[in-house]
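Below is one structure; the comments refer to it alone.
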Amino acid sequence: MVQPAQQIAAHHWGMTVDVDRCTGCQACVVACQAENNLPINLEEHFHQKRAFEWIRVERYWEGEFPNIKARFIPILCQHCENAPCEPVCPVYATYHNDQGMNVQVYNRCVGTRYCANGCPYQVRFFNYWEPVWPEALRNQLNPDVTVRSRGVMEKCSFCVQRIRRARIEAKRDGRAVADGEIQPACVQACPTNTLVFGDLNDPNSKVSKLRNGRRAYRLLNDALRTEPNVYYLARVDNDEAEVAHG
Amino acid sequence: MQQHRELSEQQINVQLLNGTLATPRWWKWAVLGLLIIVLAGFSTFGFMINKGLGVTGLNRPVFWGTLITTFVFWVGISHAGIMISAILRLTQAEWRRPVTRAAELLTVFSLITALSFPVIHAGRPWRIIYWILPYDFSRGIWPNVRSPLVWDPAAIGTYLTGSILFLYVALLPDLGNLRDRTVGWRNRLYSLLSLGWRGNSRQWRMQTTAGILLSALMLPIFVSVHSIVSWDFAVTPSVEGWHSTIFAPYFVIGAVHSGVSAVVTMMALMRWLWKWDNFIRPEHFDALARLLIVVGTAWFAFTLIELLYSFYTLEAQELAFRDMQIFQWPWAFLFIVFLITGFFIPVPAWLFKRVRNSIPWMFWTSISVNIGMWLERFLIIVPALSRKQPFVYTWGSYHPSLTEMMMIVWSLAFVGMNMLLFARFFPLIPLFEQKEAQAFSSRIQIGRASVPAVLREQEQE
């Protein structure tokens, strides 16, 4: 779904996730929840398997006891260039914008949930119930972000409201958006700098350098050719690294 | 093969209009019972709109469940009409005559029911009109023609339009007949609907031509409708269990299997309810059962090929999906029931002439096929979504809620009630087809035996 016009667009947002740095602390999950007006996940929502986590930390065990290792991998919307969710939506509620982002238009969504079936990363969330917040938390909602109604899909937006704000401020001041100026909530909250966000069109940005490194790979891209804009940096274990260097 | 008893035209009129000019005693109670279920179904739909889709058992990763299964099921049933009325008409199978209208009618009502399921299962059904109609000219946003969910209404809408036209064209001579036999408001209704049918030779010629043309025009739909429904699944590369190139022919042959079986069920019911023993003969069941043996075996071959293809790749998620589908409780149980009811009970049974000629046997085996066919779709949709990709962290499962079960019951009652209502106002067996068959039939001497034969239109002129 790459249009020729997108190649010359000013920005192409992307993210790198350094799996080697992730400690599985879930700070990104909480930050996202607060920033993006996600409904409160109660115990019953987990039991119903309907919890909302635009970014989640998946935990896998590797090896057999006693040589067992916990592996953490944060998974968020991969903002695929060839997004399988986009062509299946009958009403264009999800589409690719000219800055490499997969965006969701809540007003258009009729809730067929076809996009969620199409998504191999399972990062789309359906509002099965009308989201409700406790009275005390009503004033905590972020005024920059739409509160979604029941019956629509939602997903990670790369904190599009922050991108918009940074671009507007840069335009007002007559300058370009600086690298690192935009930080989605998860990136901002990450204590180990696992997540790095930036402009992939800028060859000097931190994210560009990281994704051109040897450790970079993309989830399921070999099998499905989804061309995600989120790059993962492979884990390097000390013992394995020694073997590699030795 | 003796396909009907020799009856006078008067006898045909009297016997075939026994449910139309008079009300059978059971009719009121049957319609009332079904009406209660239908109203309960509409209330359930209202409940779903009021509370949201949280009242279903759907979750993440299983975003589609029994509602979509039932949608596919009814589209499958709708293949009854096209198989019986178009293909058998063009191949000039004489035994199709008494069941053409009922099959076509089943098509119309099952398509309407099928179309309502994507609406019921959407998050915001009140906005569903966006699907098929270009809705905002000023903003220039049109429906996404790349989405199979836009192809679906187009394919099903075409089929529905064609089927209604077909049904109506074939109804014209009988409407004229009814008009001449009724008084009061019913007379006015039939006069209006019969479009001035007088039964002169020009009208007959046009009616016959229209029927043949519509049959030919609808032939492509035979392939397209269920292929397109199968592409709802097959074009999704992310769901390993759905992304299969043989889905289109596999679904089409499965649809014929369930559609023709539904016709058999309906023929048995018509024979029992309206006592049309003179028109729906064991020979008709025999002919349909022979057809079903071929169709059912071909469908089973596709089922096996599909399994073979999936094991051919040896991909982790595909194996996990098949493991869940075939070996894990309760899916394993459903899988065995699916194989037994869909193939291993009915098809071997139909090999016996006594089964093919026994109406109770044919009734129950055809019901069995449709239980199996519903389970087939369910076992494709849900386990495939539960084991979508190798990230085991997001694997899940699903069980339908009472609300969803109620909608399945509603769909059965809705189709049944509409059929009964139709039968009260229009004859279910075409009168003119019976008379035509009788006019064309003759006997040929072969040695000492006298064999029934059919005279064709051309030979008559």
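Identifiers for the structure tokens are assigned positionally: chains receive A, B, ... in sequence, residues are indexed from 1 per chain, and ligands are indexed from 1 in the order shown.
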Using only C-alpha atoms, find each residue in chain A having at least one atom no more than 7 Å away from chain B; report its shortest atom-to-atom pair and that distance in Å (one decimal), rows by chain then rising number, as a tab-separated table.
```
residue	atom	partner	partner_atom	distance
A:Gln48	CA	B:Asn59	CA	6.5
A:Lys49	CA	B:Asn59	CA	5.5
A:Arg50	CA	B:Asn59	CA	5.4
A:Glu58	CA	B:Tyr393	CA	6.3
A:Pro87	CA	B:Arg146	CA	5.6
A:Val88	CA	B:Ser147	CA	4.2
A:Cys89	CA	B:Ser147	CA	5.8
A:Pro90	CA	B:Asn144	CA	4.8
A:Val91	CA	B:Pro143	CA	5.1
A:Tyr92	CA	B:Asn144	CA	6.0
A:Val110	CA	B:Arg124	CA	4.9
A:Gly111	CA	B:Gly123	CA	4.0
A:Thr112	CA	B:Ala122	CA	4.9
A:Arg113	CA	B:Phe63	CA	6.2
A:Asn117	CA	B:Phe63	CA	6.7
A:Gly118	CA	B:Ser238	CA	5.6
A:Cys119	CA	B:Ser238	CA	6.3
A:Pro120	CA	B:Ser238	CA	4.9
A:Gln122	CA	B:Pro61	CA	6.9
A:Tyr128	CA	B:Gly54	CA	4.5
A:Trp129	CA	B:Gly54	CA	5.3
A:Arg150	CA	B:Gly52	CA	6.8
A:Gly151	CA	B:Gly123	CA	3.8
A:Val152	CA	B:Gly123	CA	6.2
```
I need the residues from that last selection saved to file as a short mmCIF file (atom, residue, chain, number, x, y, z; two decimals), in the first residue's frame (with N, CA and C atoms), if you can.
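part.cif, written as the output of this step:
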```cif
data_model
loop_
_atom_site.label_atom_id
_atom_site.label_comp_id
_atom_site.auth_asym_id
_atom_site.auth_seq_id
_atom_site.Cartn_x
_atom_site.Cartn_y
_atom_site.Cartn_z
N GLN A 48 -12.14 -12.54 30.46
CA GLN A 48 -12.86 -12.58 29.18
C GLN A 48 -11.90 -12.53 27.98
N LYS A 49 -10.62 -12.35 28.26
CA LYS A 49 -9.60 -12.17 27.21
C LYS A 49 -9.94 -10.95 26.36
N ARG A 50 -10.33 -9.88 27.02
CA ARG A 50 -10.67 -8.68 26.27
C ARG A 50 -9.93 -7.46 26.81
N GLU A 58 5.35 -9.50 26.25
CA GLU A 58 5.16 -10.95 26.25
C GLU A 58 6.36 -11.60 26.94
N PRO A 87 -6.19 -3.52 3.82
CA PRO A 87 -7.07 -3.80 2.67
C PRO A 87 -8.38 -4.46 3.04
N VAL A 88 -8.48 -5.11 4.20
CA VAL A 88 -9.70 -5.86 4.50
C VAL A 88 -10.80 -4.99 5.10
N CYS A 89 -10.48 -3.76 5.50
CA CYS A 89 -11.52 -2.93 6.11
C CYS A 89 -12.47 -2.40 5.03
N PRO A 90 -13.76 -2.70 5.13
CA PRO A 90 -14.67 -2.27 4.06
C PRO A 90 -14.92 -0.77 4.04
N VAL A 91 -14.61 -0.06 5.12
CA VAL A 91 -14.98 1.36 5.19
C VAL A 91 -13.78 2.29 5.34
N TYR A 92 -12.58 1.80 5.06
CA TYR A 92 -11.38 2.61 5.19
C TYR A 92 -11.21 3.19 6.59
N VAL A 110 -17.07 0.45 11.73
CA VAL A 110 -18.37 -0.15 12.02
C VAL A 110 -18.22 -1.41 12.86
N GLY A 111 -16.99 -1.83 13.11
CA GLY A 111 -16.78 -2.96 14.01
C GLY A 111 -16.94 -4.33 13.39
N THR A 112 -16.42 -4.52 12.16
CA THR A 112 -16.48 -5.87 11.58
C THR A 112 -15.42 -6.77 12.21
N ARG A 113 -14.38 -6.18 12.79
CA ARG A 113 -13.28 -6.89 13.44
C ARG A 113 -12.45 -7.70 12.43
N ASN A 117 -8.62 -9.82 12.73
CA ASN A 117 -8.31 -11.15 12.23
C ASN A 117 -7.09 -11.10 11.32
N GLY A 118 -7.00 -10.00 10.53
CA GLY A 118 -5.91 -9.89 9.59
C GLY A 118 -4.58 -9.62 10.26
N CYS A 119 -4.59 -9.04 11.45
CA CYS A 119 -3.34 -8.64 12.09
C CYS A 119 -2.61 -9.85 12.67
N PRO A 120 -1.40 -10.15 12.18
CA PRO A 120 -0.68 -11.31 12.70
C PRO A 120 -0.06 -11.05 14.07
N GLN A 122 -1.58 -9.44 16.59
CA GLN A 122 -2.61 -9.40 17.62
C GLN A 122 -2.54 -8.11 18.43
N TYR A 128 -15.57 -4.24 23.21
CA TYR A 128 -16.75 -5.09 23.38
C TYR A 128 -17.78 -4.43 24.29
N TRP A 129 -17.30 -3.67 25.29
CA TRP A 129 -18.21 -2.96 26.19
C TRP A 129 -17.98 -1.46 26.03
N ARG A 150 -18.10 2.18 22.35
CA ARG A 150 -18.29 0.75 22.17
C ARG A 150 -18.45 0.41 20.69
N GLY A 151 -17.93 -0.75 20.30
CA GLY A 151 -18.16 -1.23 18.94
C GLY A 151 -17.12 -0.82 17.93
N VAL A 152 -16.02 -0.16 18.34
CA VAL A 152 -14.99 0.21 17.37
C VAL A 152 -13.67 -0.44 17.75
#
```
### Query
Of the candidates B:Trp95, B:Trp374, B:Phe321, B:Trp204, which shows the shortest atom-to-atom distance to Thr341 in chain B, using only C-alpha atoms?
B:Trp374
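Compared by their closest atoms to Leu351 in chain B, and using only C-alpha atoms, the residues B:Ser386, B:Gln325, B:Asn13, B:Thr297 rank with B:Thr297 nearest.
Closest approach to Glu404 in chain B from the set B:Met48, B:Val72, B:Val451, B:Leu420 is made by B:Met48, with distances taken over only C-alpha atoms.
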### Query
Looking at only C-alpha atoms, which of B:Trp276, B:Trp185, B:Tyr312, B:Phe117 is the one that sits closest to Phe45 in chain B?
B:Phe117
Could the residues of range 91-210 of chain A that have an atom at most 10 Å from range 214-232 of chain A be listed as CSV, each with its closest atom pair and the distance in Å to one decimal, counting only C-alpha atoms and ordered by chain and ascending residue number?
```
residue,atom,partner,partner_atom,distance
A:Gly100,CA,A:Asn229,CA,7.3
A:Met101,CA,A:Asn229,CA,8.1
A:Asn102,CA,A:Asn229,CA,9.7
A:Cys119,CA,A:Thr226,CA,9.8
A:Pro120,CA,A:Leu220,CA,8.1
A:Tyr121,CA,A:Leu219,CA,8.4
A:Thr194,CA,A:Tyr232,CA,9.8
A:Leu195,CA,A:Tyr232,CA,9.4
A:Val196,CA,A:Val230,CA,9.8
A:Phe197,CA,A:Val230,CA,9.1
A:Leu200,CA,A:Asn229,CA,8.5
A:Val207,CA,A:Tyr231,CA,9.1
A:Ser208,CA,A:Tyr231,CA,10.0
A:Leu210,CA,A:Ala216,CA,7.3
```
Go ahead and dump the residues you just picked, N, CA and C atoms, as a compact mmCIF listing (two decimals), in the first residue's frame.
```txt
# COMPACT_ATOMS: atom_id res chain seq x y z
N GLY A 100 4.15 6.90 7.12
CA GLY A 100 4.50 5.53 7.48
C GLY A 100 3.72 4.97 8.63
N MET A 101 2.64 5.64 9.00
CA MET A 101 1.87 5.14 10.14
C MET A 101 0.57 4.50 9.69
N ASN A 102 0.21 3.47 10.42
CA ASN A 102 -1.07 2.83 10.21
C ASN A 102 -2.05 3.48 11.17
N CYS A 119 -4.59 -9.04 11.45
CA CYS A 119 -3.34 -8.64 12.09
C CYS A 119 -2.61 -9.85 12.67
N PRO A 120 -1.40 -10.15 12.18
CA PRO A 120 -0.68 -11.31 12.70
C PRO A 120 -0.06 -11.05 14.07
N TYR A 121 0.03 -9.77 14.48
CA TYR A 121 0.69 -9.45 15.74
C TYR A 121 -0.30 -9.32 16.89
N THR A 194 14.93 0.86 26.11
CA THR A 194 14.67 -0.23 25.19
C THR A 194 14.06 0.29 23.90
N LEU A 195 13.15 1.26 24.06
CA LEU A 195 12.38 1.76 22.92
C LEU A 195 12.99 3.07 22.43
N VAL A 196 13.20 3.15 21.13
CA VAL A 196 13.69 4.39 20.53
C VAL A 196 12.77 4.74 19.36
N PHE A 197 12.32 6.01 19.35
CA PHE A 197 11.38 6.44 18.32
C PHE A 197 12.03 7.55 17.50
N LEU A 200 12.65 7.63 10.29
CA LEU A 200 13.48 6.69 9.52
C LEU A 200 14.00 7.33 8.24
N VAL A 207 17.22 6.29 15.58
CA VAL A 207 16.46 5.11 15.19
C VAL A 207 16.96 4.56 13.86
N SER A 208 17.34 5.44 12.94
CA SER A 208 17.86 4.98 11.64
C SER A 208 19.14 4.20 11.82
N LEU A 210 20.18 2.64 14.50
CA LEU A 210 19.93 1.36 15.17
C LEU A 210 19.33 0.33 14.22
```
### Query
What separation in Å, quoted to one decimal, exists between CA of Pro346 in chain B and CA of Trp361 in chain B?
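A separation of 9.3 Å between them.
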### Query
Could you state the separation of CA of Ser441 in chain B and CA of Ala93 in chain B in Å, given to one decimal place?
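Answer for the CA of Ser441 in chain B to CA of Ala93 in chain B separation: 12.9 Å.
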#### Entry: Distance criterion (only C-alpha atoms): nearest to Cys22 in chain A out of A:Val160, A:Cys109, A:Ile68, A:Leu233
A:Leu233
